[in-house]
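Following: one structure in structure tokens, then a few remarks.
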Amino acid sequence: MTAQELEGMNIYMNEVDIAGAGRCTLCHPIIKDVDSSPLMTDYSYNNLGVPINNALRTANGKAGTNDEGLFLNPDVNDTSLKGSFKVSSLRNIAVTGPYMHNGVFKEQIKNMNKEKVLSINLFFFFLYS
Ligand code: HEC
């Protein structure tokens, strides 16, 4: 592993994330030897406070309202789940944008912290190429 791949692994596995929310593996686990092609999701739901995509809400005739995510499921009554979305797979993440449930992040996610994102990408490349 190169120094930069190693840095990416450390960020992904150990560091508090760029938003201070905790390690990536808390929600996007890499479980070695459990599955030959891990999807890097624990399939749980979380509310990350992803910004509203106003253009998309307007196009869908829902201007001025929030997407309530999991709470829109008629079988879900727990109001604390409003705005929760399933943890996305990170397989091939570099080429699967736009990102988040509403595509609100396109290039921005790559620009958040270029050095860190590049290191994480190189680590994934090391793991799965
Ligand atoms: C608390 C759980 C949690 C943690 C910790 C977390 N994520 Fe996520 N991540 C999510 C959820 C939930 C989504 C989907 C959000 C949505 O669709 O609005 C997501 C989506 C993403 C996406 C967009 C995927 C797509 O295809 O749209 C990327 C990229 C991502 N996470 C990377 C990371 C990285 C890198 C870290 C660590 C620095 C991290 N995440 C930490 C829960 C988490």
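Just remember, in the structure tokens the first chain shown is A, the second B, etc., residues are 1-based per chain, and ligands are 1-based in the order shown.
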Exercise. Find the spatial neighbours of A:Leu81, counting only C-alpha atoms, within a cut-off of 10 Å - ignore same-chain residues fewer than 6 positions away - and output them as number ranges by chain.
Key: A: 45-47, 68-72
Deliver the residues from the most recent selection as a file, using C-alpha atoms, as a CSV table (one decimal), in the first residue's frame.
chain,number,residue,atom,x,y,z
A,45,TYR,CA,-31.3,4.3,8.0
A,46,ASN,CA,-29.9,7.6,9.2
A,47,ASN,CA,-30.8,11.2,9.0
A,68,GLU,CA,-39.4,12.6,4.9
A,69,GLY,CA,-37.6,9.5,3.6
A,70,LEU,CA,-38.3,6.3,5.6
A,71,PHE,CA,-41.2,8.0,7.4
A,72,LEU,CA,-43.1,8.1,4.1
Quiz prompt | For A:Gly83, the nearest of the candidates A:Gly8, A:Pro38, A:Pro51, A:Pro29, counting only C-alpha atoms | solution = A:Pro51
Self-check item: Nearest-residue call for ligand 1, choices A:Lys82, A:Glu5, A:Gly49, A:Thr58, using only C-alpha atoms and all ligand atoms
Solution: A:Gly49
Practice problem: Would you please give, as JSON, numbers by chain, all residues of stretch 19-110 of chain A that DSSP assigns to strand (DSSP E or B) based on the backbone? | Solution: {"A": [45, 46, 69, 84, 85, 86, 99, 105]}
With C-alpha atoms retained, could you export that selection as an mmCIF file, in the first residue's frame?
data_model
loop_
_atom_site.group_PDB
_atom_site.id
_atom_site.type_symbol
_atom_site.label_atom_id
_atom_site.label_comp_id
_atom_site.auth_asym_id
_atom_site.auth_seq_id
_atom_site.Cartn_x
_atom_site.Cartn_y
_atom_site.Cartn_z
ATOM 1 C CA TYR A 45 -31.267 4.287 7.979
ATOM 2 C CA ASN A 46 -29.853 7.594 9.167
ATOM 3 C CA GLY A 69 -37.579 9.525 3.617
ATOM 4 C CA SER A 84 -33.850 9.052 7.442
ATOM 5 C CA PHE A 85 -32.455 7.408 4.332
ATOM 6 C CA LYS A 86 -30.818 4.059 3.773
ATOM 7 C CA TYR A 99 -24.821 11.583 -4.657
ATOM 8 C CA PHE A 105 -24.086 16.550 -4.235
#
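Residue nearest ligand 1, chosen from A:Met9, A:Ile31, A:Val50, A:Ala55 and counting only C-alpha atoms and all ligand atoms: A:Val50.
Going from atom CA of A:Ala59 to atom CA of A:Met100 covers 17.4 Å.
The coordinates place atom 12 (C, counted along the ligand's line) of ligand 1 at 15.9 Å from atom CA of A:Asn66.
With atom 3 (C, counted along the ligand's line) of ligand 1 on one side and atom CA of A:Pro74 on the other, the separation reads 24.5 Å.
Remark: for A:Gly103, the closest of the candidate residues A:Gln4, A:Thr25, A:Leu56, A:Leu90 is A:Leu56 (distances computed over only C-alpha atoms).
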Exercise. Using only C-alpha atoms, determine which residues lie at most 9 Å from A:Val87, disregarding the query and same-chain residues fewer than 6 positions distant; provide the list as a PyMOL selection string.
Key: chain A and resi 27-28+40-46
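Minimum atom-to-atom distances from A:Leu39, A:Ile52, A:Ala63, A:Leu26 to ligand 1 were compared using only C-alpha atoms and all ligand atoms, and the lowest value belongs to A:Leu26.
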Quiz item: Using only C-alpha atoms and all ligand atoms, which residue out of A:Cys24, A:Val104, A:Val76, A:Met13 lies closest to ligand 1?
Solution: A:Cys24
